[in-house]
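Okay, structure first, notes after.
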Protein chains: 2
Amino acid sequence: MDNIIMKGAPAAAELAAGLKKRSEKLKALETVPCLALIRVGEEAADISYEKGLLKRAEEAGVTVKKYLFDASAGKEEILEAVRDINRDETIHGCLMFRPLKDRTAEMEVSELLDPKKDVDSMTLRSQARAYTDGSEGFYPCTAEAVMELLRYYHIDVRGKKAVVIGRSQVIGRPAAMLLLNSDATVTICHSKSNGLKDICRSADILVAAVGRAEMIDESYLGEGQIVLDVGVNTNAEGRLCGDVKESAKQELASAYTPVPGGVGSVTTAILMKHVIEAAEKGRGIYNE
Amino acid sequence: MDNIIMKGAPAAAELAAGLKKRSEKLKALETVPCLALIRVGEEAADISYEKGLLKRAEEAGVTVKKYLFDASAGKEEILEAVRDINRDETIHGCLMFRPLKDRTAEMEVSELLDPKKDVDSMTLRSQARAYTDGSEGFYPCTAEAVMELLRYYHIDVRGKKAVVIGRSQVIGRPAAMLLLNSDATVTICHSKSNGLKDICRSADILVAAVGRAEMIDESYLGEGQIVLDVGVNTNAEGRLCGDVKESAKQELASAYTPVPGGVGSVTTAILMKHVIEAAEKGRGIYNE
């Protein structure tokens, strides 16, 4: 099928160019947008993500201050780092690699973060923003990246049937809420849904956020659909892949995001946007 | 059609009986569950609701402390009442009749309330509870009443297609989230949805929360559906009616809530449950 491949790179580049200008303006006011990064241990996935993030930060004019901990670090050390970040006026946002091994510690650390610096939706308050009409906090980056890709590729969701597979607090639910806020009719389905394939096939816009390598094959897709594949998984051959089979997207979708090179490429640009917004708000500048 | 009329009264009576026992236990510990009620002006609808609420409070063993204001009362007066309620350890929950004429004041008053006393989901934090996995706050009463009726009438929602019409912060969205938390596949639709009738007809469980008198007629319903009608409206003849035509429910639904006498009858019982839970938590008792 002749389809549009919704690559993330051009959308991210457009975003980065706009962000660069905004960070220049802030620097003229002697504010350098700064992201604090908390990493516990040396997970390969974290380090690889960090590399991409540092590149993106440089493009956007954001500095990164690292707080690195040994895998064996105790909760109190990490909490102290968050207190430090909350106090430090030169830091505007904070990203912590998650999950932590100690989930109770993770919850406690997350909730301690100043909501104004919660650029990666660690706190419940930030997570709830897409759901309530609250103005505090930032949307989860991946969900916002989905909306940014739809916007960049001129796909109007208003009135359309959007089906989100997956109901996680970081992706499925907020993606559903942002689609709803843009006037889509939104269905949230999950592993317990009866007739999942039929529901997926009935969608105009399908958002896959299940986190299972290539689970969604041809039998779930309807011809001409728009497919946003949020999954980042490793398949049986050890290669990076999405939740949806690439061949199925290629065959049936009218437009789709590839994996790799789709939603994931936009997510870090959105994170930088949040850092710059946080820095702007600190200076009384409101761009949105 | 031979159908089940899901009346609210027996569900509410069962709830009230359980609540009475819980409030007796609290009284034995010298804690009398108490609801503060803030009313501004003398709106007929508020006064009528208040009457039902006082009766329900008495049944459940909850005392009600009224804070009454003249329709012309200023924001500062109402804020002072909320501060008083927050401070007063003998008050466990607070209900304010909304909307206030001054919506900015309403927002400010709402957010001032101690989340622990927010039994009617005035604060964003309470509203977000159904969406996040937060444990603080209480679900919006009407959305919880919908779930209570489904439970009372032994309707299992797991895996089923639930369609919610309406996306308000107090009913549509939280009802959708509670259904999702109970493993339904949930679709949220609204005035901008294309093909609304088809979507409604495809539901196993239809929740109408649009707030428009008898808008949903036969053409929206599928045979054998379960219909929960949250609307409380006045029709052209000046009679109380739901969002769904009674004749359509009667003709097509396998089970449905009537209006009046359906969801509305359970809502105040849920409110009393919240007051008692708040009082219990204050004494370190956790029933759920």
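Labels for the structure tokens follow display order: chains A, B, ..., residues from 1 in each chain, ligands from 1.
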Pick out the residues sitting within 8 Å of range 18-30 of chain B, and hand them over as number ranges by chain; count only C-alpha atoms, and ignore anything fewer than 2 positions along from it in its own chain.
B: 14-16, 32-33, 59-62, 272-273, 276, 279-280
Mind dumping the selected residues with N, CA and C atoms as a PDB file, in the first residue's frame?
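Result file follows (selection-v4.pdb):
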```pdb
ATOM      1  N   GLU B  14     -29.262  -0.906  51.295  1.00  0.00           N
ATOM      2  CA  GLU B  14     -28.235  -1.854  51.717  1.00  0.00           C
ATOM      3  C   GLU B  14     -26.980  -1.112  52.182  1.00  0.00           C
ATOM      4  N   LEU B  15     -26.604  -0.120  51.393  1.00  0.00           N
ATOM      5  CA  LEU B  15     -25.451   0.707  51.764  1.00  0.00           C
ATOM      6  C   LEU B  15     -25.673   1.377  53.116  1.00  0.00           C
ATOM      7  N   ALA B  16     -26.848   1.984  53.254  1.00  0.00           N
ATOM      8  CA  ALA B  16     -27.146   2.748  54.477  1.00  0.00           C
ATOM      9  C   ALA B  16     -27.093   1.856  55.712  1.00  0.00           C
ATOM     10  N   VAL B  32     -18.168  11.216  66.048  1.00  0.00           N
ATOM     11  CA  VAL B  32     -19.447  11.279  65.337  1.00  0.00           C
ATOM     12  C   VAL B  32     -19.179  11.771  63.918  1.00  0.00           C
ATOM     13  N   PRO B  33     -19.383  10.905  62.910  1.00  0.00           N
ATOM     14  CA  PRO B  33     -19.112  11.331  61.530  1.00  0.00           C
ATOM     15  C   PRO B  33     -19.905  12.590  61.196  1.00  0.00           C
ATOM     16  N   GLU B  59     -30.122   8.449  58.339  1.00  0.00           N
ATOM     17  CA  GLU B  59     -30.098   6.989  58.205  1.00  0.00           C
ATOM     18  C   GLU B  59     -28.711   6.394  58.436  1.00  0.00           C
ATOM     19  N   ALA B  60     -27.702   7.103  57.945  1.00  0.00           N
ATOM     20  CA  ALA B  60     -26.339   6.566  58.018  1.00  0.00           C
ATOM     21  C   ALA B  60     -25.639   6.923  59.322  1.00  0.00           C
ATOM     22  N   GLY B  61     -26.294   7.741  60.140  1.00  0.00           N
ATOM     23  CA  GLY B  61     -25.668   8.153  61.393  1.00  0.00           C
ATOM     24  C   GLY B  61     -24.616   9.235  61.223  1.00  0.00           C
ATOM     25  N   VAL B  62     -24.838  10.091  60.239  1.00  0.00           N
ATOM     26  CA  VAL B  62     -23.910  11.197  59.982  1.00  0.00           C
ATOM     27  C   VAL B  62     -24.595  12.507  60.373  1.00  0.00           C
ATOM     28  N   MET B 272     -22.319   9.671  51.925  1.00  0.00           N
ATOM     29  CA  MET B 272     -22.269   9.333  53.355  1.00  0.00           C
ATOM     30  C   MET B 272     -21.177   8.296  53.626  1.00  0.00           C
ATOM     31  N   LYS B 273     -21.037   7.369  52.680  1.00  0.00           N
ATOM     32  CA  LYS B 273     -19.959   6.376  52.802  1.00  0.00           C
ATOM     33  C   LYS B 273     -18.597   7.083  52.865  1.00  0.00           C
ATOM     34  N   ILE B 276     -18.063   8.693  56.287  1.00  0.00           N
ATOM     35  CA  ILE B 276     -17.735   7.685  57.303  1.00  0.00           C
ATOM     36  C   ILE B 276     -16.323   7.137  57.096  1.00  0.00           C
ATOM     37  N   ALA B 279     -13.953   9.662  58.433  1.00  0.00           N
ATOM     38  CA  ALA B 279     -13.935   9.610  59.903  1.00  0.00           C
ATOM     39  C   ALA B 279     -13.164   8.378  60.377  1.00  0.00           C
ATOM     40  N   GLU B 280     -13.357   7.271  59.693  1.00  0.00           N
ATOM     41  CA  GLU B 280     -12.637   6.042  60.063  1.00  0.00           C
ATOM     42  C   GLU B 280     -11.124   6.207  59.884  1.00  0.00           C
TER      43      GLU B 280
END
```
Taking the DSSP secondary structure from the backbone, can you list the residues of range 146-203 of chain B that are alpha helix (DSSP H), as a PyMOL selection string?
chain B and resi 146-152+172-181+196-201
Please, which residues of chain B lie no more than 10 Å from chain A when the count uses only C-alpha atoms, and can they be set out as an NGL selection string?
:B and (123-125 or 127-134 or 158-165 or 167-170 or 173-174 or 176-177 or 180-196 or 199)
Tell me which protein, DNA and RNA residues are within 6 Å of range 4-6 of chain B, counting only C-alpha atoms, leaving out same-chain ones fewer than 2 positions away, and put them as a PyMOL selection string.
chain B and resi 255-257
Which polymer residues have any atom within 12 Å of an atom of range 69-79 of chain A, counting only C-alpha atoms, with same-chain residues fewer than 3 positions away left out, as a ChimeraX atom specification?
/A:37-43,66,82-86,96-97,100-113
Provide the CA of Val232 in chain B to CA of Thr267 in chain B distance in Å, to one decimal place.
12.2 Å
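Around range 145-149 of chain B, within 7 Å and counting only C-alpha atoms, the residues found are Ala11, Cys141, Tyr153, Val263, Val266, Thr267 and Ile270 of chain B, once anything fewer than 4 positions away on its own chain is removed.
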Going by DSSP on the backbone, which residues of range 93-256 of chain B come out as strand (DSSP E or B)? List them as a PyMOL selection string.
chain B and resi 93-96+161-165+185-189+205-208+216+226-229+233-234+240-241+244+255-256
Same residues, N, CA and C atoms, saved as a PDB file, in the first residue's frame:
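Output contents, as saved in result_30.pdb:
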```pdb
ATOM      1  N   GLY B  93     -15.935  15.637  56.473  1.00  0.00           N
ATOM      2  CA  GLY B  93     -16.109  15.804  55.039  1.00  0.00           C
ATOM      3  C   GLY B  93     -16.812  17.117  54.749  1.00  0.00           C
ATOM      4  N   CYS B  94     -16.708  17.565  53.496  1.00  0.00           N
ATOM      5  CA  CYS B  94     -17.345  18.835  53.127  1.00  0.00           C
ATOM      6  C   CYS B  94     -17.977  18.731  51.742  1.00  0.00           C
ATOM      7  N   LEU B  95     -19.197  19.195  51.666  1.00  0.00           N
ATOM      8  CA  LEU B  95     -19.904  19.289  50.385  1.00  0.00           C
ATOM      9  C   LEU B  95     -20.260  20.750  50.161  1.00  0.00           C
ATOM     10  N   MET B  96     -19.935  21.265  48.995  1.00  0.00           N
ATOM     11  CA  MET B  96     -20.380  22.620  48.666  1.00  0.00           C
ATOM     12  C   MET B  96     -21.266  22.526  47.428  1.00  0.00           C
ATOM     13  N   LYS B 161     -17.879  -4.303  26.517  1.00  0.00           N
ATOM     14  CA  LYS B 161     -17.794  -2.984  25.880  1.00  0.00           C
ATOM     15  C   LYS B 161     -18.664  -1.982  26.618  1.00  0.00           C
ATOM     16  N   ALA B 162     -18.049  -1.042  27.285  1.00  0.00           N
ATOM     17  CA  ALA B 162     -18.807   0.020  27.948  1.00  0.00           C
ATOM     18  C   ALA B 162     -18.631   1.303  27.151  1.00  0.00           C
ATOM     19  N   VAL B 163     -19.736   1.967  26.857  1.00  0.00           N
ATOM     20  CA  VAL B 163     -19.668   3.237  26.153  1.00  0.00           C
ATOM     21  C   VAL B 163     -20.224   4.316  27.073  1.00  0.00           C
ATOM     22  N   VAL B 164     -19.411   5.337  27.296  1.00  0.00           N
ATOM     23  CA  VAL B 164     -19.824   6.463  28.136  1.00  0.00           C
ATOM     24  C   VAL B 164     -20.061   7.660  27.223  1.00  0.00           C
ATOM     25  N   ILE B 165     -21.272   8.228  27.290  1.00  0.00           N
ATOM     26  CA  ILE B 165     -21.551   9.418  26.480  1.00  0.00           C
ATOM     27  C   ILE B 165     -21.437  10.615  27.405  1.00  0.00           C
ATOM     28  N   THR B 185     -13.791  -2.688  28.507  1.00  0.00           N
ATOM     29  CA  THR B 185     -13.229  -1.934  27.387  1.00  0.00           C
ATOM     30  C   THR B 185     -14.074  -0.672  27.302  1.00  0.00           C
ATOM     31  N   VAL B 186     -13.441   0.484  27.385  1.00  0.00           N
ATOM     32  CA  VAL B 186     -14.220   1.701  27.571  1.00  0.00           C
ATOM     33  C   VAL B 186     -14.081   2.667  26.412  1.00  0.00           C
ATOM     34  N   THR B 187     -15.209   3.123  25.903  1.00  0.00           N
ATOM     35  CA  THR B 187     -15.207   4.156  24.867  1.00  0.00           C
ATOM     36  C   THR B 187     -15.863   5.408  25.440  1.00  0.00           C
ATOM     37  N   ILE B 188     -15.172   6.537  25.270  1.00  0.00           N
ATOM     38  CA  ILE B 188     -15.746   7.807  25.715  1.00  0.00           C
ATOM     39  C   ILE B 188     -16.149   8.579  24.473  1.00  0.00           C
ATOM     40  N   CYS B 189     -17.442   8.894  24.356  1.00  0.00           N
ATOM     41  CA  CYS B 189     -17.849   9.707  23.211  1.00  0.00           C
ATOM     42  C   CYS B 189     -18.568  10.952  23.678  1.00  0.00           C
ATOM     43  N   ILE B 205     -22.708  -2.130  27.662  1.00  0.00           N
ATOM     44  CA  ILE B 205     -23.149  -1.287  28.778  1.00  0.00           C
ATOM     45  C   ILE B 205     -23.070   0.166  28.319  1.00  0.00           C
ATOM     46  N   LEU B 206     -24.184   0.856  28.418  1.00  0.00           N
ATOM     47  CA  LEU B 206     -24.212   2.250  27.962  1.00  0.00           C
ATOM     48  C   LEU B 206     -24.424   3.162  29.168  1.00  0.00           C
ATOM     49  N   VAL B 207     -23.524   4.125  29.350  1.00  0.00           N
ATOM     50  CA  VAL B 207     -23.665   5.087  30.444  1.00  0.00           C
ATOM     51  C   VAL B 207     -23.929   6.450  29.827  1.00  0.00           C
ATOM     52  N   ALA B 208     -25.116   6.987  30.079  1.00  0.00           N
ATOM     53  CA  ALA B 208     -25.486   8.269  29.477  1.00  0.00           C
ATOM     54  C   ALA B 208     -25.270   9.380  30.497  1.00  0.00           C
ATOM     55  N   ILE B 216     -31.215  10.704  24.176  1.00  0.00           N
ATOM     56  CA  ILE B 216     -30.943   9.359  23.673  1.00  0.00           C
ATOM     57  C   ILE B 216     -32.262   8.607  23.491  1.00  0.00           C
ATOM     58  N   ILE B 226     -27.385  -2.957  28.680  1.00  0.00           N
ATOM     59  CA  ILE B 226     -27.560  -2.468  30.043  1.00  0.00           C
ATOM     60  C   ILE B 226     -27.366  -0.955  29.993  1.00  0.00           C
ATOM     61  N   VAL B 227     -28.359  -0.225  30.438  1.00  0.00           N
ATOM     62  CA  VAL B 227     -28.318   1.233  30.288  1.00  0.00           C
ATOM     63  C   VAL B 227     -28.322   1.908  31.654  1.00  0.00           C
ATOM     64  N   LEU B 228     -27.276   2.684  31.916  1.00  0.00           N
ATOM     65  CA  LEU B 228     -27.212   3.480  33.142  1.00  0.00           C
ATOM     66  C   LEU B 228     -27.416   4.931  32.763  1.00  0.00           C
ATOM     67  N   ASP B 229     -28.476   5.491  33.267  1.00  0.00           N
ATOM     68  CA  ASP B 229     -28.884   6.831  32.872  1.00  0.00           C
ATOM     69  C   ASP B 229     -28.565   7.800  34.004  1.00  0.00           C
ATOM     70  N   ASN B 233     -32.716  15.752  34.373  1.00  0.00           N
ATOM     71  CA  ASN B 233     -33.125  16.932  33.604  1.00  0.00           C
ATOM     72  C   ASN B 233     -34.611  17.161  33.784  1.00  0.00           C
ATOM     73  N   THR B 234     -35.068  18.257  33.253  1.00  0.00           N
ATOM     74  CA  THR B 234     -36.495  18.536  33.241  1.00  0.00           C
ATOM     75  C   THR B 234     -36.922  18.554  31.780  1.00  0.00           C
ATOM     76  N   LEU B 240     -39.291  15.627  35.718  1.00  0.00           N
ATOM     77  CA  LEU B 240     -37.933  15.118  35.871  1.00  0.00           C
ATOM     78  C   LEU B 240     -37.700  13.974  34.885  1.00  0.00           C
ATOM     79  N   CYS B 241     -36.595  13.996  34.184  1.00  0.00           N
ATOM     80  CA  CYS B 241     -36.321  12.919  33.242  1.00  0.00           C
ATOM     81  C   CYS B 241     -34.828  12.701  33.080  1.00  0.00           C
ATOM     82  N   VAL B 244     -31.891   9.494  28.709  1.00  0.00           N
ATOM     83  CA  VAL B 244     -32.423   8.469  27.808  1.00  0.00           C
ATOM     84  C   VAL B 244     -33.949   8.441  27.971  1.00  0.00           C
ATOM     85  N   ALA B 255     -31.552  -4.411  31.113  1.00  0.00           N
ATOM     86  CA  ALA B 255     -31.567  -3.860  32.466  1.00  0.00           C
ATOM     87  C   ALA B 255     -31.277  -2.372  32.352  1.00  0.00           C
ATOM     88  N   TYR B 256     -31.924  -1.564  33.187  1.00  0.00           N
ATOM     89  CA  TYR B 256     -31.674  -0.117  33.093  1.00  0.00           C
ATOM     90  C   TYR B 256     -32.025   0.593  34.401  1.00  0.00           C
TER      91      TYR B 256
END
```
